[in-house]
>>> print(open('run12.json').read())   # JSON, C-alpha atoms and all ligand atoms
[["chain", "number", "residue", "atom", "x", "y", "z"],
["Q", 256, "MET", "CA", 119.06, 94.37, 89.41],
["Q", 257, "THR", "CA", 121.40, 96.81, 91.12],
["Q", 258, "GLU", "CA", 122.80, 96.10, 94.54],
["Q", 259, "ALA", "CA", 120.58, 98.83, 96.01],
["Q", 260, "SER", "CA", 117.43, 97.23, 94.63],
["Q", 261, "THR", "CA", 118.08, 94.06, 96.60],
["Q", 262, "GLN", "CA", 118.51, 96.15, 99.73],
["Q", 263, "TYR", "CA", 115.59, 98.52, 99.59],
["Q", 264, "ILE", "CA", 111.98, 97.34, 99.83],
["Q", 265, "GLY", "CA", 109.50, 100.13, 100.49],
["Q", 266, "ARG", "CA", 105.73, 100.14, 100.61],
["Q", 267, "PHE", "CA", 102.58, 102.22, 100.46],
["Q", 268, "ALA", "CA", 99.76, 100.95, 102.66],
["Q", 269, "PRO", "CA", 96.47, 102.75, 102.06],
["Q", 270, "SER", "CA", 93.35, 101.97, 104.06],
["Q", 271, "PRO", "CA", 90.33, 101.80, 101.74],
["Q", 272, "THR", "CA", 88.14, 103.99, 103.94],
["Q", 273, "GLY", "CA", 87.80, 106.64, 101.21],
["Q", 274, "PRO", "CA", 89.23, 107.41, 97.78],
["Q", 275, "LEU", "CA", 92.82, 108.68, 97.53],
["Q", 276, "HIS", "CA", 93.07, 112.36, 98.42],
["Q", 277, "PHE", "CA", 95.95, 114.76, 98.02],
["Q", 278, "GLY", "CA", 97.47, 113.89, 101.42],
["Q", 279, "SER", "CA", 97.61, 110.19, 100.55],
["Q", 280, "LEU", "CA", 99.05, 111.05, 97.12],
["Q", 281, "VAL", "CA", 101.92, 112.93, 98.79],
["Q", 282, "ALA", "CA", 102.65, 109.89, 101.00],
["Q", 283, "ALA", "CA", 102.48, 107.55, 97.99],
["Q", 284, "VAL", "CA", 104.80, 109.79, 95.95],
["Q", 285, "ALA", "CA", 107.31, 110.09, 98.82],
["Q", 286, "SER", "CA", 107.50, 106.35, 99.41],
["Q", 287, "PHE", "CA", 107.62, 105.62, 95.66],
["Q", 288, "LEU", "CA", 110.41, 108.11, 94.93],
["Q", 289, "ASP", "CA", 112.47, 107.13, 97.96],
["Q", 290, "ALA", "CA", 112.43, 103.54, 96.65],
["Q", 291, "ARG", "CA", 112.94, 104.33, 92.97],
["Q", 292, "ALA", "CA", 115.76, 106.81, 93.69],
["Q", 293, "VAL", "CA", 117.93, 103.86, 94.76],
["Q", 294, "GLY", "CA", 116.51, 101.31, 92.31],
["Q", 295, "GLY", "CA", 114.50, 99.71, 95.11],
["Q", 296, "GLN", "CA", 111.18, 97.90, 95.10],
["Q", 297, "TRP", "CA", 107.89, 99.55, 96.00],
["Q", 298, "LEU", "CA", 105.09, 97.33, 97.27],
["Q", 299, "VAL", "CA", 101.45, 98.16, 97.87],
["Q", 300, "ARG", "CA", 99.37, 96.73, 100.68],
["Q", 301, "ILE", "CA", 95.67, 97.22, 101.28],
["Q", 302, "GLU", "CA", 95.24, 97.93, 104.98],
["Q", 303, "ASP", "CA", 91.66, 96.87, 105.45],
["Q", 304, "VAL", "CA", 92.20, 95.11, 108.77],
["Q", 305, "ASP", "CA", 89.53, 97.31, 110.33],
["Q", 306, "SER", "CA", 86.87, 95.91, 108.02],
["Q", 307, "THR", "CA", 84.15, 97.93, 109.78],
["Q", 308, "ARG", "CA", 85.62, 101.12, 108.30],
["Q", 309, "CYS", "CA", 86.72, 99.85, 104.89],
["Q", 310, "LYS", "CA", 84.87, 99.37, 101.62],
["Q", 311, "PRO", "CA", 86.26, 96.62, 99.36],
["Q", 312, "GLU", "CA", 85.30, 98.47, 96.15],
["Q", 313, "LEU", "CA", 87.47, 101.41, 97.22],
["Q", 314, "ALA", "CA", 90.58, 99.22, 97.18],
["Q", 315, "GLN", "CA", 90.18, 98.68, 93.42],
["Q", 316, "GLU", "CA", 89.58, 102.39, 92.93],
["Q", 317, "ILE", "CA", 92.72, 103.28, 94.89],
["Q", 318, "LEU", "CA", 94.83, 100.84, 92.86],
["Q", 319, "ALA", "CA", 93.45, 102.23, 89.58],
["Q", 320, "THR", "CA", 94.25, 105.79, 90.75],
["Q", 321, "LEU", "CA", 97.82, 104.83, 91.68],
["Q", 322, "GLN", "CA", 98.32, 103.35, 88.21],
["Q", 323, "ALA", "CA", 96.85, 106.41, 86.51],
["Q", 324, "PHE", "CA", 99.39, 108.53, 88.43],
["Q", 325, "GLY", "CA", 102.27, 106.34, 87.21],
["Q", 326, "LEU", "CA", 102.73, 104.84, 90.68],
["Q", 327, "VAL", "CA", 103.30, 101.30, 89.53],
["Q", 328, "TRP", "CA", 104.14, 98.75, 92.20],
["Q", 329, "ASN", "CA", 106.23, 95.61, 92.27],
["Q", 330, "GLY", "CA", 104.91, 92.16, 93.06],
["Q", 331, "ASP", "CA", 101.57, 91.11, 94.45],
["Q", 332, "ILE", "CA", 99.24, 93.28, 96.49],
["Q", 333, "LEU", "CA", 98.93, 92.14, 100.09],
["Q", 334, "VAL", "CA", 95.40, 92.39, 101.51],
["Q", 335, "GLN", "CA", 95.12, 92.37, 105.29],
["Q", 336, "THR", "CA", 91.68, 90.80, 105.51],
["Q", 337, "GLN", "CA", 93.16, 87.71, 103.84],
["Q", 338, "ARG", "CA", 95.79, 87.36, 106.52],
["Q", 339, "THR", "CA", 93.91, 86.96, 109.78],
["Q", 340, "SER", "CA", 95.29, 83.46, 110.45],
["Q", 341, "ARG", "CA", 98.81, 84.91, 110.15],
["Q", 342, "TYR", "CA", 97.97, 87.61, 112.70],
["Q", 343, "GLN", "CA", 96.47, 85.01, 115.04],
["Q", 344, "GLN", "CA", 99.68, 82.98, 114.77],
["Q", 345, "ALA", "CA", 101.71, 86.04, 115.81],
["Q", 346, "LEU", "CA", 99.31, 86.70, 118.68],
["Q", 347, "ASP", "CA", 99.67, 83.07, 119.83],
["Q", 348, "ARG", "CA", 103.44, 83.48, 119.77],
["Q", 349, "LEU", "CA", 103.18, 86.59, 121.97],
["Q", 350, "ALA", "CA", 100.85, 84.69, 124.32],
["Q", 351, "THR", "CA", 103.42, 81.91, 124.60],
["Q", 352, "LEU", "CA", 105.97, 84.56, 125.55],
["Q", 353, "GLN", "CA", 103.49, 85.68, 128.24],
["Q", 354, "LEU", "CA", 103.36, 89.14, 126.76],
["Q", 355, "THR", "CA", 99.59, 89.30, 126.25],
["Q", 356, "TYR", "CA", 96.51, 89.26, 128.44],
["Q", 357, "ALA", "CA", 92.76, 89.56, 128.05],
["Q", 358, "CYS", "CA", 91.14, 92.81, 129.12],
["Q", 359, "SER", "CA", 87.48, 93.49, 129.86],
["Q", 360, "CYS", "CA", 87.79, 97.23, 130.55],
["Q", 361, "SER", "CA", 85.47, 99.43, 128.53],
["Q", 362, "ARG", "CA", 86.68, 102.57, 126.79],
["Q", 363, "ARG", "CA", 84.70, 104.51, 129.35],
["Q", 364, "GLU", "CA", 86.37, 102.83, 132.33],
["Q", 365, "ILE", "CA", 89.79, 103.43, 130.82],
["Q", 366, "ALA", "CA", 89.07, 107.06, 129.99],
["Q", 367, "ASP", "CA", 87.76, 107.68, 133.52],
["Q", 368, "SER", "CA", 90.71, 106.08, 135.30],
["Q", 369, "SER", "CA", 93.69, 107.06, 133.15],
["Q", 370, "LEU", "CA", 96.00, 109.95, 132.54],
["Q", 371, "LEU", "CA", 96.11, 111.23, 129.01],
["Q", 372, "GLY", "CA", 99.22, 110.06, 127.13],
["Q", 373, "ILE", "CA", 100.65, 110.71, 123.69],
["Q", 374, "ASP", "CA", 97.86, 108.87, 121.91],
["Q", 375, "GLY", "CA", 94.86, 108.91, 124.24],
["Q", 376, "PRO", "CA", 94.41, 107.48, 127.74],
["Q", 377, "VAL", "CA", 97.37, 105.47, 129.07],
["Q", 378, "TYR", "CA", 96.16, 101.99, 130.01],
["Q", 379, "ARG", "CA", 97.83, 101.06, 133.27],
["Q", 380, "GLY", "CA", 97.34, 97.31, 133.06],
["Q", 381, "VAL", "CA", 94.33, 96.95, 135.38],
["Q", 382, "CYS", "CA", 93.57, 93.49, 133.89],
["Q", 383, "ARG", "CA", 97.20, 92.32, 133.65],
["Q", 384, "ASP", "CA", 96.94, 89.70, 136.35],
["Q", 385, "LYS", "CA", 93.24, 88.88, 136.23],
["Q", 386, "LYS", "CA", 93.70, 85.92, 133.86],
["Q", 387, "LEU", "CA", 90.44, 86.66, 132.07],
["Q", 388, "ASP", "CA", 89.11, 84.49, 129.28],
["Q", 389, "THR", "CA", 90.28, 85.63, 125.83],
["Q", 390, "ALA", "CA", 86.81, 85.04, 124.34],
["Q", 391, "GLY", "CA", 84.79, 88.25, 124.20],
["Q", 392, "ASN", "CA", 87.61, 90.35, 125.62],
["Q", 393, "ALA", "CA", 90.28, 92.53, 124.03],
["Q", 394, "ILE", "CA", 93.85, 91.21, 123.97],
["Q", 395, "ARG", "CA", 96.52, 93.63, 125.10],
["Q", 396, "LEU", "CA", 100.30, 93.65, 124.90],
["Q", 397, "ARG", "CA", 102.19, 94.05, 128.16],
["Q", 398, "VAL", "CA", 104.70, 96.85, 127.64],
["Q", 399, "ALA", "CA", 107.97, 97.30, 129.50],
["Q", 400, "PRO", "CA", 109.14, 100.49, 131.21],
["Q", 401, "ALA", "CA", 112.14, 100.68, 128.85],
["Q", 402, "GLU", "CA", 112.60, 103.56, 126.44],
["Q", 403, "ILE", "CA", 112.27, 102.86, 122.71],
["Q", 404, "CYS", "CA", 114.18, 105.22, 120.42],
["Q", 405, "PHE", "CA", 114.70, 105.43, 116.68],
["Q", 406, "ASP", "CA", 116.23, 107.92, 114.26],
["Q", 407, "ASP", "CA", 113.63, 109.13, 111.83],
["Q", 408, "ARG", "CA", 115.24, 110.12, 108.54],
["Q", 409, "VAL", "CA", 113.37, 113.44, 108.48],
["Q", 410, "GLN", "CA", 112.04, 114.07, 111.99],
["Q", 411, "GLY", "CA", 115.25, 113.11, 113.81],
["Q", 412, "ARG", "CA", 115.58, 111.09, 116.99],
["Q", 413, "GLN", "CA", 112.32, 109.99, 118.60],
["Q", 414, "CYS", "CA", 111.97, 108.32, 122.00],
["Q", 415, "GLN", "CA", 109.01, 106.96, 123.90],
["Q", 416, "GLN", "CA", 108.67, 105.15, 127.18],
["Q", 417, "LEU", "CA", 105.73, 102.97, 126.27],
["Q", 418, "GLU", "CA", 104.55, 102.18, 129.78],
["Q", 419, "ARG", "CA", 104.41, 105.87, 130.67],
["Q", 420, "ASP", "CA", 103.41, 107.36, 127.31],
["Q", 421, "ILE", "CA", 101.06, 104.76, 125.80],
["Q", 422, "GLY", "CA", 100.36, 101.91, 128.23],
["Q", 423, "ASP", "CA", 99.53, 98.29, 127.39],
["Q", 424, "PHE", "CA", 97.95, 98.49, 123.94],
["Q", 425, "VAL", "CA", 95.35, 96.43, 122.14],
["Q", 426, "LEU", "CA", 96.44, 93.78, 119.62],
["Q", 427, "LYS", "CA", 93.02, 92.20, 119.08],
["Q", 428, "ARG", "CA", 89.82, 94.02, 119.72],
["Q", 429, "ARG", "CA", 86.91, 92.73, 121.71],
["Q", 430, "ASP", "CA", 84.97, 92.37, 118.42],
["Q", 431, "GLY", "CA", 87.65, 89.97, 117.17],
["Q", 432, "LEU", "CA", 89.36, 92.33, 114.72],
["Q", 433, "PHE", "CA", 93.13, 92.57, 114.83],
["Q", 434, "ALA", "CA", 94.60, 95.97, 115.58],
["Q", 435, "TYR", "CA", 96.55, 97.98, 113.02],
["Q", 436, "GLN", "CA", 99.68, 97.92, 115.23],
["Q", 437, "LEU", "CA", 99.91, 94.14, 115.09],
["Q", 438, "ALA", "CA", 98.92, 93.76, 111.43],
["Q", 439, "VAL", "CA", 101.38, 96.39, 110.19],
["Q", 440, "VAL", "CA", 104.32, 94.81, 112.03],
["Q", 441, "ILE", "CA", 103.56, 91.31, 110.76],
["Q", 442, "ASP", "CA", 103.03, 92.60, 107.21],
["Q", 443, "ASP", "CA", 106.19, 94.72, 107.17],
["Q", 444, "GLY", "CA", 108.09, 91.68, 108.46],
["Q", 445, "ASP", "CA", 106.57, 89.20, 105.97],
["Q", 446, "GLN", "CA", 107.12, 91.59, 103.05],
["Q", 447, "ASN", "CA", 110.75, 92.15, 104.16],
["Q", 448, "ILE", "CA", 110.17, 95.90, 104.23],
["Q", 449, "THR", "CA", 113.46, 97.72, 104.79],
["Q", 450, "HIS", "CA", 112.16, 101.30, 104.61],
["Q", 451, "VAL", "CA", 108.86, 102.75, 105.80],
["Q", 452, "VAL", "CA", 107.92, 106.18, 104.40],
["Q", 453, "ARG", "CA", 104.55, 107.49, 105.61],
["Q", 454, "GLY", "CA", 102.73, 110.43, 107.17],
["Q", 455, "ALA", "CA", 103.80, 111.90, 110.50],
["Q", 456, "ASP", "CA", 100.38, 111.06, 111.97],
["Q", 457, "LEU", "CA", 101.97, 107.63, 112.48],
["Q", 458, "LEU", "CA", 105.17, 108.91, 114.08],
["Q", 459, "ASP", "CA", 103.82, 108.13, 117.54],
["Q", 460, "SER", "CA", 102.84, 104.59, 116.51],
["Q", 461, "THR", "CA", 106.39, 103.70, 115.53],
["Q", 462, "ALA", "CA", 107.70, 102.95, 119.04],
["Q", 463, "ARG", "CA", 104.84, 100.48, 119.54],
["Q", 464, "GLN", "CA", 105.71, 98.84, 116.24],
["Q", 465, "ILE", "CA", 109.40, 98.62, 117.13],
["Q", 466, "TYR", "CA", 108.50, 97.11, 120.52],
["Q", 467, "LEU", "CA", 106.43, 94.44, 118.74],
["Q", 468, "GLN", "CA", 109.25, 93.80, 116.25],
["Q", 469, "GLN", "CA", 111.61, 93.26, 119.15],
["Q", 470, "ALA", "CA", 109.18, 90.91, 120.91],
["Q", 471, "LEU", "CA", 108.77, 88.85, 117.72],
["Q", 472, "ALA", "CA", 112.46, 89.03, 116.73],
["Q", 473, "LEU", "CA", 111.64, 90.84, 113.48],
["Q", 474, "PRO", "CA", 114.07, 93.27, 111.82],
["Q", 475, "GLU", "CA", 113.45, 96.98, 112.30],
["Q", 476, "PRO", "CA", 112.96, 98.96, 109.08],
["Q", 477, "ARG", "CA", 114.25, 102.51, 108.72],
["Q", 478, "TYR", "CA", 111.52, 105.09, 109.20],
["Q", 479, "LEU", "CA", 110.82, 108.37, 107.44],
["Q", 480, "HIS", "CA", 107.74, 110.38, 108.38],
["Q", 481, "ILE", "CA", 106.70, 113.18, 106.06],
["Q", 482, "PRO", "CA", 104.66, 116.11, 107.35],
["Q", 483, "VAL", "CA", 100.94, 115.46, 107.12],
["Q", 484, "ILE", "CA", 99.22, 117.71, 104.61],
["Q", 485, "THR", "CA", 96.58, 119.89, 106.21],
["Q", 486, "ASN", "CA", 93.83, 122.05, 104.79],
["Q", 487, "SER", "CA", 93.61, 125.78, 105.39],
["Q", 488, "ALA", "CA", 91.87, 125.10, 108.74],
["Q", 489, "GLY", "CA", 94.93, 123.09, 109.85],
["Q", 490, "GLN", "CA", 93.09, 119.76, 109.71],
["Q", 491, "LYS", "CA", 94.66, 116.62, 108.28],
["Q", 492, "LEU", "CA", 93.20, 115.79, 104.88],
["Q", 493, "SER", "CA", 90.96, 112.80, 105.36],
["Q", 494, "LYS", "CA", 87.54, 111.46, 104.66],
["Q", 495, "GLN", "CA", 86.34, 113.09, 107.90],
["Q", 496, "THR", "CA", 87.58, 116.53, 106.83],
["Q", 497, "LEU", "CA", 85.96, 116.02, 103.43],
["Q", 498, "ALA", "CA", 89.20, 116.02, 101.43],
["Q", 499, "PRO", "CA", 88.28, 115.77, 97.76],
["Q", 500, "ALA", "CA", 89.24, 112.66, 95.78],
["Q", 501, "ILE", "CA", 92.09, 113.26, 93.35],
["Q", 502, "SER", "CA", 91.38, 112.98, 89.65],
["Q", 503, "ALA", "CA", 93.70, 111.34, 87.14],
["Q", 504, "ASN", "CA", 92.81, 114.16, 84.72],
["Q", 505, "ASP", "CA", 94.97, 116.44, 86.86],
["Q", 506, "ALA", "CA", 97.72, 113.89, 87.42],
["Q", 507, "CYS", "CA", 100.67, 116.01, 86.27],
["Q", 508, "ALA", "CA", 99.53, 119.16, 88.11],
["Q", 509, "LEU", "CA", 98.87, 117.19, 91.30],
["Q", 510, "LEU", "CA", 102.23, 115.43, 91.08],
["Q", 511, "ARG", "CA", 103.93, 118.81, 90.78],
["Q", 512, "ASP", "CA", 102.04, 120.00, 93.86],
["Q", 513, "ALA", "CA", 103.00, 116.86, 95.74],
["Q", 514, "LEU", "CA", 106.68, 117.39, 94.87],
["Q", 515, "ARG", "CA", 106.43, 121.01, 96.04],
["Q", 516, "CYS", "CA", 104.99, 119.85, 99.39],
["Q", 517, "LEU", "CA", 107.93, 117.47, 99.70],
["Q", 518, "GLY", "CA", 110.43, 120.29, 99.06],
["Q", 519, "GLN", "CA", 111.60, 118.65, 95.83],
["Q", 520, "ALA", "CA", 112.64, 120.14, 92.51],
["Q", 521, "VAL", "CA", 109.52, 120.39, 90.37],
["Q", 522, "PRO", "CA", 109.90, 119.14, 86.79],
["Q", 523, "ASP", "CA", 108.89, 121.72, 84.20],
["Q", 524, "ASP", "CA", 105.85, 121.62, 81.94],
["Q", 525, "GLY", "CA", 107.76, 119.60, 79.34],
["Q", 526, "PHE", "CA", 106.89, 116.45, 81.29],
["Q", 527, "ILE", "CA", 103.47, 115.56, 80.08],
["Q", 528, "THR", "CA", 103.12, 112.05, 81.45],
["Q", 529, "PRO", "CA", 103.09, 111.12, 85.12],
["Q", 530, "THR", "CA", 105.58, 108.32, 84.44],
["Q", 531, "ALA", "CA", 108.13, 110.68, 82.88],
["Q", 532, "MET", "CA", 107.61, 113.19, 85.67],
["Q", 533, "LEU", "CA", 108.14, 110.59, 88.38],
["Q", 534, "ALA", "CA", 111.26, 109.26, 86.65],
["Q", 535, "SER", "CA", 112.67, 112.79, 86.59],
["Q", 536, "ALA", "CA", 111.70, 113.35, 90.24],
["Q", 537, "ALA", "CA", 113.32, 110.05, 91.28],
["Q", 538, "SER", "CA", 116.59, 111.16, 89.70],
["Q", 539, "THR", "CA", 116.64, 114.38, 91.75],
["Q", 540, "TRP", "CA", 115.04, 113.01, 94.98],
["Q", 541, "LYS", "CA", 116.56, 114.59, 98.12],
["Q", 542, "VAL", "CA", 115.47, 113.44, 101.57],
["Q", 543, "GLU", "CA", 117.25, 116.48, 103.09],
["Q", 544, "ALA", "CA", 114.83, 118.78, 101.25],
["Q", 545, "ILE", "CA", 111.69, 117.29, 102.85],
["Q", 546, "PRO", "CA", 110.30, 119.80, 105.36],
["Q", 547, "ARG", "CA", 110.69, 118.74, 108.97],
["Q", 548, "GLY", "CA", 107.68, 118.87, 111.27],
["Q", 549, "ARG", "CA", 104.48, 116.96, 111.71],
["Q", 550, "ALA", "CA", 102.27, 119.06, 109.47],
["Q", 551, "ALA", "CA", 102.50, 121.18, 106.35],
["Q", 552, "THR", "CA", 99.70, 123.13, 104.82],
["Q", 553, "GLY", "CA", 98.93, 122.33, 101.22],
["Q", 554, "ARG", "CA", 96.87, 125.50, 100.92],
["Q", 555, "HIS", "CA", 98.67, 126.85, 97.86],
["Q", 556, "THR", "CA", 98.37, 123.71, 95.83],
["Q", 557, "ALA", "CA", 95.86, 122.55, 93.26],
["Q", 558, "GLY", "CA", 95.40, 119.43, 95.35],
["Q", 559, "MET", "CA", 93.84, 121.52, 98.05],
["Q", 560, "ASP", "CA", 91.25, 123.14, 95.89],
["Q", 561, "GLU", "CA", 88.12, 121.94, 97.63],
["Q", 562, "SER", "CA", 85.73, 123.55, 95.17],
["I", 1, "LIG", "N1", 97.00, 102.40, 106.52],
["I", 1, "LIG", "C1", 97.57, 103.60, 107.05],
["I", 1, "LIG", "C2", 96.89, 104.81, 106.44],
["I", 1, "LIG", "O1", 96.21, 104.68, 105.42],
["I", 1, "LIG", "C3", 99.06, 103.68, 106.79],
["I", 1, "LIG", "C4", 99.79, 102.77, 107.70],
["I", 1, "LIG", "C5", 101.29, 102.73, 107.51],
["I", 1, "LIG", "O2", 101.81, 103.26, 106.52],
["I", 1, "LIG", "O3", 101.93, 102.15, 108.38],
["I", 1, "LIG", "O4", 97.01, 105.89, 106.97]]
>>> encode(input="run12.json", output="structure tokens")
Amino acid sequence: MTEASTQYIGRFAPSPTGPLHFGSLVAAVASFLDARAVGGQWLVRIEDVDSTRCKPELAQEILATLQAFGLVWNGDILVQTQRTSRYQQALDRLATLQLTYACSCSRREIADSSLLGIDGPVYRGVCRDKKLDTAGNAIRLRVAPAEICFDDRVQGRQCQQLERDIGDFVLKRRDGLFAYQLAVVIDDGDQNITHVVRGADLLDSTARQIYLQQALALPEPRYLHIPVITNSAGQKLSKQTLAPAISANDACALLRDALRCLGQAVPDDGFITPTAMLASAASTWKVEAIPRGRAATGRHTAGMDES
């Protein structure tokens, strides 16, 4: 093992709400190559914490697709739905630190009484001091008026003042499900993730995650957010925008397209296996070449062919 490999642990964390599409392939390729370029580890985690939106059979399909594309992970797969007691433990710790409170406000009440922030209505802490019962209510994190900043490796310096821009955010929903923001922080911490590479749709979540890391005394990974791939109508590829599932039959062509979207040198046609292509791409991987910005259209790529 090289020295770098002991220092770099990356991850890809798909939510099994739909099959892998071209946008998720680009994120998987970016996180894989960033890890492999320095001899690091690349872990895969199934983010099914919102079990109402996930289908267990899709997780197996996603893993099979990753393998067919040569995206082979290290170690065991972490599955969020198997970790709820761990999330509860973290929530209990935050409660002990007096950083959480129960909230009975409905979405409607919040929307009607709040200013719009970076990621929806800013919750101003109406229930902060009500000391409501935790049962049947959402649990929120009390945020501080301090500014949280980090240096994204592609998008540059990012700062948010959580109280002004986001408000006290939910860690456990009223229906008992843990929120993504809590689960992702605990998982990144438990998996000793040193580098997070993911789509820029999560850029605005990062300050919340850093705030939680600070509250729980967890180390802060380095962050790199790649532009989200959009269709010709400018919409993020997703199940909702009917992004087509990627097929392993087109693996090499789709990998070339993914590399193009990431501004990387594209291996020539001589590379006929995904594994060989990814090994070549890892050896020429350049973070500086990744386009800056939150979105990039994938219009000219085979991965975007919606026919
Ligand atoms: N599960 C998220 C998604 O599929 C990714 C979360 C993350 O990388 O932090 O978009």
>>> closest_residue(input="run12.json", among="Q:Ala283, Q:Leu473, Q:Ile421, Q:Val542", to="ligand LIG 1 (chain I)", atoms="only C-alpha atoms and all ligand atoms")
Q:Ala283
>>> axis_aligned_box(input="run12.json", around="ligand LIG 1 (chain I)", padding_each_side="5 Å", output="AutoDock Vina command-line options")
--center_x 99.1 --center_y 104.0 --center_z 106.9 --size_x 15.7 --size_y 13.7 --size_z 13.0
>>> residues_around(input="run12.json", residues="Gly372 of chain Q", least_positions_apart="3", cutoff="7 Å", atoms="all atoms listed in the file", output="mmCIF file with C-alpha atoms, keeping the file's coordinate frame")
data_model
loop_
_atom_site.group_PDB
_atom_site.id
_atom_site.type_symbol
_atom_site.label_atom_id
_atom_site.label_comp_id
_atom_site.auth_asym_id
_atom_site.auth_seq_id
_atom_site.Cartn_x
_atom_site.Cartn_y
_atom_site.Cartn_z
ATOM 1 C CA GLY Q 375 94.860 108.910 124.240
ATOM 2 C CA PRO Q 376 94.410 107.480 127.740
ATOM 3 C CA VAL Q 377 97.370 105.470 129.070
ATOM 4 C CA ASP Q 420 103.410 107.360 127.310
ATOM 5 C CA ILE Q 421 101.060 104.760 125.800
#
>>> residues_around(input="run12.json", residues="Glu475 of chain Q", least_positions_apart="2", cutoff="9 Å", atoms="all atoms listed in the file", output="count of residues only")
11
>>> residues_near_ligand(input="run12.json", ligand="ligand LIG 1 (chain I)", cutoff="10 Å", atoms="only C-alpha atoms and all ligand atoms", output="tab-separated table (two decimals) with C-alpha atoms, in the frame of the given file")
chain	number	residue	atom	x	y	z
Q	266	ARG	CA	105.73	100.14	100.61
Q	267	PHE	CA	102.58	102.22	100.46
Q	268	ALA	CA	99.76	100.95	102.66
Q	269	PRO	CA	96.47	102.75	102.06
Q	270	SER	CA	93.35	101.97	104.06
Q	271	PRO	CA	90.33	101.80	101.74
Q	272	THR	CA	88.14	103.99	103.94
Q	273	GLY	CA	87.80	106.64	101.21
Q	275	LEU	CA	92.82	108.68	97.53
Q	278	GLY	CA	97.47	113.89	101.42
Q	279	SER	CA	97.61	110.19	100.55
Q	282	ALA	CA	102.65	109.89	101.00
Q	283	ALA	CA	102.48	107.55	97.99
Q	286	SER	CA	107.50	106.35	99.41
Q	300	ARG	CA	99.37	96.73	100.68
Q	301	ILE	CA	95.67	97.22	101.28
Q	302	GLU	CA	95.24	97.93	104.98
Q	303	ASP	CA	91.66	96.87	105.45
Q	304	VAL	CA	92.20	95.11	108.77
Q	305	ASP	CA	89.53	97.31	110.33
Q	435	TYR	CA	96.55	97.98	113.02
Q	436	GLN	CA	99.68	97.92	115.23
Q	438	ALA	CA	98.92	93.76	111.43
Q	439	VAL	CA	101.38	96.39	110.19
Q	440	VAL	CA	104.32	94.81	112.03
Q	442	ASP	CA	103.03	92.60	107.21
Q	443	ASP	CA	106.19	94.72	107.17
Q	451	VAL	CA	108.86	102.75	105.80
Q	452	VAL	CA	107.92	106.18	104.40
Q	453	ARG	CA	104.55	107.49	105.61
Q	454	GLY	CA	102.73	110.43	107.17
Q	455	ALA	CA	103.80	111.90	110.50
Q	456	ASP	CA	100.38	111.06	111.97
Q	457	LEU	CA	101.97	107.63	112.48
Q	458	LEU	CA	105.17	108.91	114.08
Q	460	SER	CA	102.84	104.59	116.51
Q	461	THR	CA	106.39	103.70	115.53
Q	464	GLN	CA	105.71	98.84	116.24
Q	480	HIS	CA	107.74	110.38	108.38
Q	493	SER	CA	90.96	112.80	105.36
>>> closest_residue(input="run12.json", among="Q:Thr552, Q:Ser359, Q:Gln415, Q:Thr496", to="Leu517 of chain Q", atoms="only C-alpha atoms")
Q:Thr552
>>> closest_residue(input="run12.json", among="Q:Ala498, Q:Cys309, Q:Leu298, Q:Val425", to="Ile332 of chain Q", atoms="only C-alpha atoms")
Q:Leu298
